[in-house]
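Next comes data22.csv, with CSV, C-alpha atoms.
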chain,number,residue,atom,x,y,z
A,1,MET,CA,112.2,31.6,171.5
A,2,LYS,CA,110.8,34.7,169.8
A,3,PRO,CA,107.1,34.5,168.9
A,4,LEU,CA,106.0,34.0,165.3
A,5,LEU,CA,105.1,37.2,163.6
A,6,THR,CA,101.4,37.5,162.8
A,7,ILE,CA,99.5,40.1,160.8
A,8,GLU,CA,98.0,41.5,164.0
A,9,GLU,CA,101.5,41.8,165.6
A,10,LEU,CA,102.9,43.3,162.4
A,11,ILE,CA,100.3,46.1,162.5
A,12,ASN,CA,101.0,46.7,166.2
A,13,ALA,CA,104.7,46.7,165.7
A,14,ALA,CA,104.4,49.2,162.8
A,15,LYS,CA,102.5,51.6,165.0
A,16,ARG,CA,105.1,51.3,167.8
A,17,PHE,CA,107.9,51.7,165.3
A,18,CYS,CA,106.4,54.9,164.0
A,19,GLU,CA,106.0,56.4,167.5
A,20,ILE,CA,109.6,55.5,168.4
A,21,GLU,CA,111.3,56.6,165.2
A,22,SER,CA,109.4,59.9,165.0
A,23,ASN,CA,111.2,61.0,168.2
A,24,LYS,CA,114.7,60.2,167.0
A,25,ASN,CA,117.4,62.2,165.3
A,26,HIS,CA,118.2,60.4,162.1
A,27,ILE,CA,121.6,62.0,161.4
A,28,GLU,CA,122.3,59.5,158.6
A,29,LEU,CA,119.6,61.2,156.5
A,30,ILE,CA,120.6,64.9,157.0
A,31,GLY,CA,120.5,66.5,153.6
A,32,VAL,CA,119.2,63.3,151.9
A,33,THR,CA,116.6,64.3,149.3
A,34,ASP,CA,116.4,60.9,147.5
A,35,GLY,CA,113.1,59.3,148.5
A,36,LYS,CA,114.3,55.9,147.5
A,37,ALA,CA,117.3,56.2,149.9
A,38,VAL,CA,114.9,57.3,152.7
A,39,GLY,CA,112.6,54.4,151.9
A,40,THR,CA,115.4,51.9,152.0
A,41,TYR,CA,116.6,53.3,155.3
A,42,VAL,CA,113.2,53.0,156.9
A,43,GLU,CA,112.5,49.5,155.5
A,44,HIS,CA,115.8,48.1,156.8
A,45,LYS,CA,115.2,49.7,160.2
A,46,PHE,CA,111.7,48.3,160.5
A,47,GLN,CA,112.9,44.8,159.4
A,48,GLY,CA,115.5,45.0,162.1
A,49,PHE,CA,112.9,46.1,164.6
A,50,LEU,CA,110.8,43.1,163.7
A,51,GLN,CA,113.7,40.7,163.8
A,52,SER,CA,114.6,41.8,167.3
A,53,GLN,CA,111.2,40.7,168.6
A,54,TYR,CA,109.7,38.1,166.3
A,55,THR,CA,110.5,35.1,164.2
A,56,LEU,CA,109.9,36.0,160.6
A,57,ASP,CA,111.0,35.5,157.0
A,58,VAL,CA,112.6,38.6,155.6
A,59,GLY,CA,112.6,39.0,151.8
A,60,SER,CA,114.9,40.2,149.2
A,61,SER,CA,114.6,41.6,145.7
A,62,ALA,CA,114.7,38.0,144.5
A,63,LYS,CA,111.7,37.1,146.6
A,64,GLY,CA,109.8,40.1,145.4
A,65,ILE,CA,108.3,41.4,148.6
A,66,ASP,CA,109.8,42.5,151.9
A,67,LEU,CA,108.0,40.1,154.2
A,68,PRO,CA,107.3,37.0,152.2
A,69,GLY,CA,106.3,34.5,155.0
A,70,THR,CA,103.3,32.5,154.0
A,71,ASN,CA,101.3,33.9,156.9
A,72,ILE,CA,102.4,37.5,156.3
A,73,GLU,CA,103.0,38.1,152.5
A,74,THR,CA,103.3,41.9,152.9
A,75,ASP,CA,105.4,44.5,151.1
A,76,ILE,CA,106.7,47.6,152.9
A,77,LYS,CA,106.2,50.9,151.2
A,78,VAL,CA,107.7,54.2,152.5
A,79,THR,CA,106.6,57.5,151.0
A,80,SER,CA,106.7,61.2,151.7
A,81,ILE,CA,103.5,63.0,152.7
A,82,THR,CA,104.2,65.6,150.0
A,83,GLN,CA,103.3,63.0,147.4
A,84,PRO,CA,102.3,59.7,148.9
A,85,GLN,CA,103.0,57.2,146.2
A,86,SER,CA,105.4,54.5,145.2
A,87,SER,CA,106.0,51.9,142.5
A,88,CYS,CA,105.7,48.2,142.4
A,89,PRO,CA,106.5,45.5,139.9
A,90,PHE,CA,104.0,45.0,137.0
A,91,LYS,CA,103.0,41.4,136.8
A,92,ASN,CA,99.8,41.4,134.8
A,93,ALA,CA,96.6,43.5,134.2
A,94,ARG,CA,94.7,41.4,136.7
A,95,GLN,CA,96.4,43.3,139.5
A,96,LYS,CA,94.6,46.5,138.7
A,97,ILE,CA,91.2,44.7,139.0
A,98,PHE,CA,91.7,41.9,141.5
A,99,GLY,CA,94.6,43.3,143.6
A,100,LEU,CA,98.3,43.0,143.8
A,101,GLY,CA,98.3,39.5,145.3
A,102,TYR,CA,99.9,40.6,148.6
A,103,ASN,CA,99.3,43.0,151.5
A,104,LEU,CA,100.8,46.4,151.7
A,105,LEU,CA,102.2,48.2,154.8
A,106,VAL,CA,102.6,51.9,154.0
A,107,PHE,CA,104.7,54.3,156.1
A,108,VAL,CA,104.1,58.0,155.3
A,109,TYR,CA,106.6,60.5,156.7
A,110,ASP,CA,107.3,64.2,156.9
A,111,LYS,CA,111.1,64.8,156.8
A,112,LYS,CA,112.6,68.0,158.4
A,113,ASP,CA,116.3,68.8,158.4
A,114,THR,CA,118.5,71.2,160.1
A,115,ASN,CA,122.3,71.5,160.0
A,116,ASN,CA,122.7,68.8,162.7
A,117,SER,CA,119.4,67.0,162.8
A,118,CYS,CA,116.8,65.1,160.8
A,119,THR,CA,113.4,64.2,162.0
A,120,LEU,CA,111.1,61.7,160.3
A,121,HIS,CA,107.7,62.4,161.6
A,122,PHE,CA,105.5,59.5,160.6
A,123,THR,CA,102.1,61.0,159.7
A,124,HIS,CA,100.3,57.8,158.7
A,125,CYS,CA,100.9,54.1,159.0
A,126,THR,CA,98.4,52.0,156.9
A,127,PHE,CA,97.9,48.3,156.4
A,128,ILE,CA,96.1,47.4,153.2
A,129,SER,CA,95.0,43.7,152.9
A,130,ARG,CA,95.5,42.1,149.6
A,131,GLU,CA,91.8,42.1,148.6
A,132,ARG,CA,91.8,45.9,148.9
A,133,THR,CA,94.9,46.6,146.7
A,134,ALA,CA,93.1,47.0,143.4
A,135,ASP,CA,92.4,50.3,141.6
A,136,PHE,CA,89.6,52.3,143.2
A,137,THR,CA,87.9,53.8,140.1
A,138,ILE,CA,88.1,50.7,138.0
A,139,THR,CA,86.8,48.3,140.6
A,140,LYS,CA,84.0,50.7,141.5
A,141,ARG,CA,82.8,51.0,137.9
A,142,LEU,CA,83.2,47.3,137.1
A,143,ARG,CA,81.1,46.4,140.2
A,144,GLU,CA,78.4,48.9,139.1
A,145,MET,CA,78.5,47.5,135.5
A,146,VAL,CA,78.1,43.9,136.7
A,147,GLU,CA,75.2,44.9,139.0
A,148,ASP,CA,73.6,46.8,136.1
A,149,GLY,CA,73.7,43.7,133.9
A,150,ALA,CA,76.6,44.5,131.6
A,151,ASN,CA,77.7,41.8,129.2
A,152,LYS,CA,81.2,40.7,128.1
A,153,GLU,CA,81.4,43.2,125.3
A,154,ASP,CA,80.5,46.0,127.7
A,155,ILE,CA,83.3,44.9,130.0
A,156,ILE,CA,85.8,44.6,127.3
A,157,GLY,CA,84.9,48.1,126.0
A,158,PHE,CA,85.4,49.5,129.4
A,159,LEU,CA,88.8,47.9,129.9
A,160,GLN,CA,89.9,49.2,126.5
A,161,ASP,CA,88.7,52.7,127.3
A,162,LYS,CA,90.6,52.7,130.6
A,163,ASN,CA,93.8,51.5,128.8
A,164,VAL,CA,94.1,48.4,131.0
A,165,PRO,CA,97.3,46.8,129.7
A,166,GLY,CA,96.6,43.8,127.5
A,167,ASP,CA,95.5,42.5,124.1
A,168,ASP,CA,92.2,40.9,122.9
A,169,ILE,CA,92.9,37.6,124.6
A,170,VAL,CA,93.7,39.3,127.9
A,171,TYR,CA,90.5,41.4,127.7
A,172,ASN,CA,88.4,38.4,126.9
A,173,ASP,CA,89.8,36.4,129.8
A,174,LEU,CA,89.4,39.3,132.2
A,175,ALA,CA,85.8,40.0,131.1
A,176,ASN,CA,84.9,36.3,131.7
A,177,GLU,CA,86.5,36.4,135.2
A,178,ILE,CA,84.9,39.7,136.1
A,179,LEU,CA,81.4,38.5,135.2
A,180,ALA,CA,82.0,35.2,137.1
A,181,HIS,CA,83.6,36.8,140.1
A,182,PRO,CA,83.1,40.6,140.4
A,183,PRO,CA,86.1,42.3,142.0
A,184,VAL,CA,86.2,43.5,145.6
A,185,GLN,CA,86.3,47.3,145.9
A,186,GLY,CA,89.9,48.4,145.8
A,187,TYR,CA,91.3,51.6,147.4
A,188,LEU,CA,94.5,52.3,145.6
A,189,THR,CA,95.0,54.5,142.5
A,190,ILE,CA,97.2,52.4,140.2
A,191,SER,CA,98.6,54.3,137.2
A,192,ASN,CA,100.0,52.5,134.1
A,193,ALA,CA,103.8,52.6,133.7
A,194,LEU,CA,106.7,50.2,133.2
A,195,GLN,CA,106.0,49.5,136.9
A,196,TRP,CA,102.6,50.1,138.5
A,197,ARG,CA,102.5,53.5,140.1
A,198,LEU,CA,100.6,53.2,143.4
A,199,GLN,CA,99.0,56.4,144.9
A,200,TYR,CA,97.9,56.4,148.5
A,201,ALA,CA,96.1,59.7,149.0
A,202,ARG,CA,92.7,58.0,149.1
A,203,VAL,CA,93.7,55.1,151.3
A,204,ILE,CA,95.4,57.2,154.0
A,205,ALA,CA,92.3,59.4,154.2
A,206,LEU,CA,90.1,56.5,155.2
A,207,GLU,CA,89.0,56.6,158.8
A,208,ASN,CA,89.1,52.8,159.6
A,209,HIS,CA,85.6,52.2,158.2
A,210,VAL,CA,86.7,49.9,155.4
A,211,GLN,CA,87.3,46.2,156.3
A,212,GLY,CA,90.8,45.3,155.3
A,213,VAL,CA,92.3,48.8,155.6
A,214,ILE,CA,93.8,49.8,159.0
A,215,ASN,CA,95.0,53.4,159.4
A,216,TYR,CA,96.9,55.1,162.2
A,217,GLU,CA,97.4,58.9,161.9
A,218,TRP,CA,99.5,61.3,164.0

Output the structure of this file as structure tokens.
Amino acid sequence: MKPLLTIEELINAAKRFCEIESNKNHIELIGVTDGKAVGTYVEHKFQGFLQSQYTLDVGSSAKGIDLPGTNIETDIKVTSITQPQSSCPFKNARQKIFGLGYNLLVFVYDKKDTNNSCTLHFTHCTFISRERTADFTITKRLREMVEDGANKEDIIGFLQDKNVPGDDIVYNDLANEILAHPPVQGYLTISNALQWRLQYARVIALENHVQGVINYEW
């Protein structure tokens, strides 16, 4: 019987996976420039790697995230070091302030091709717990505002200035929640779009001094 996958084992497995795959010739990816295709390749390989060793629930597009098990709830993101970012589904404006609602496991690679070889050197592997998946700048300022005694109108004005998606009702509800439960400091940069655009430059630069963000670098 394979052991049940835990968060700790997920992080350890991701580190091992990066070290193993960085030394392989990925001939399937020779000449492939589509980042989405590379990402899908890595995600499927990593899911297979996990399934060979652990008991786990693997997700699908219908389930929304890649590893939806109740004890894991983690989405896998794969991005190039040249521009470490990806997209994720937009659910509501709360995600920008209170986090995405699930953990992220981010693989950052540097792809090099020759005529007969392709290397994927994984430069970073980062686990971001759900409470750290909000926007860095917005949560930083909101925390400062609450600490400085801001009222609901101040909070609503800030949300409007930052173009947080929503109408007056959304802003009112968010302001009440922010004042009652100030957000935890997030470490992503989340840009507005039809989907959230997640940028990882800040988070992969952290040197394991933030609780909830675990970073391996090669």

Counting all atoms listed in the file, which residues of segment 68-118 of chain A fall within 12 Å of segment 21-32 of chain A, and what is the closest atom pair for each with its distance in Å at one decimal, ordered by chain and rising number, as CSV?
residue,atom,partner,partner_atom,distance
A:Phe107,CA,A:Glu21,CA,11.5
A:Val108,CA,A:Ser22,CA,11.2
A:Tyr109,CA,A:Ser22,CA,8.8
A:Asp110,CA,A:Ser22,CA,9.4
A:Lys111,CA,A:Leu29,CA,9.2
A:Lys112,CA,A:Ile30,CA,8.7
A:Asp113,CA,A:Ile30,CA,6.0
A:Thr114,CA,A:Ile30,CA,7.3
A:Asn115,CA,A:Ile30,CA,7.4
A:Asn116,CA,A:Ile27,CA,7.0
A:Ser117,CA,A:Ile27,CA,5.6
A:Cys118,CA,A:His26,CA,5.1

- Message: Residues near His124 of chain A, anyone? I mean within 10 Å using only C-alpha atoms, not counting same-chain ones fewer than 5 positions away, as a list in words.
- Response: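 Skipping anything fewer than 5 positions along the chain leaves Lys15, Cys18, Thr79, Ile81, Val106, Phe107, Val108, Tyr109, Asp110, Ile204, Ala205, Asn215, Tyr216, Glu217 and Trp218 of chain A.
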
- Item | For atom CA of Val184 of chain A and atom CA of Phe127 of chain A, the interatomic separation in Å (one decimal) |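 Straight-line distance from atom CA of Val184 of chain A to atom CA of Phe127 of chain A works out to 16.6 Å.
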
- Query: Which polymer residues, protein or nucleic acid, are no farther than 12 Å from (82.5, 48.7, 137.0), counting only C-alpha atoms, as a VMD selection string?
  - Reply: chain A and resid 97 135 to 151 154 to 159 162 175 178 to 179 182 to 186

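Of the listed residues A:Arg16, A:Lys45, A:Arg132, A:Lys2, the one whose atoms come nearest to Gly99 of chain A is A:Arg132, with distances taken using all atoms listed in the file.
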
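Taking atom CA of Ala13 of chain A and atom CA of Tyr102 of chain A as the two end points, the separation is 18.8 Å.
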
- Long-range neighbours of segment 210-212 of chain A as a ChimeraX atom specification, 8 Å cut-off, all atoms listed in the file, 3 positions minimum in chain: /A:127-129,131-132,206-207
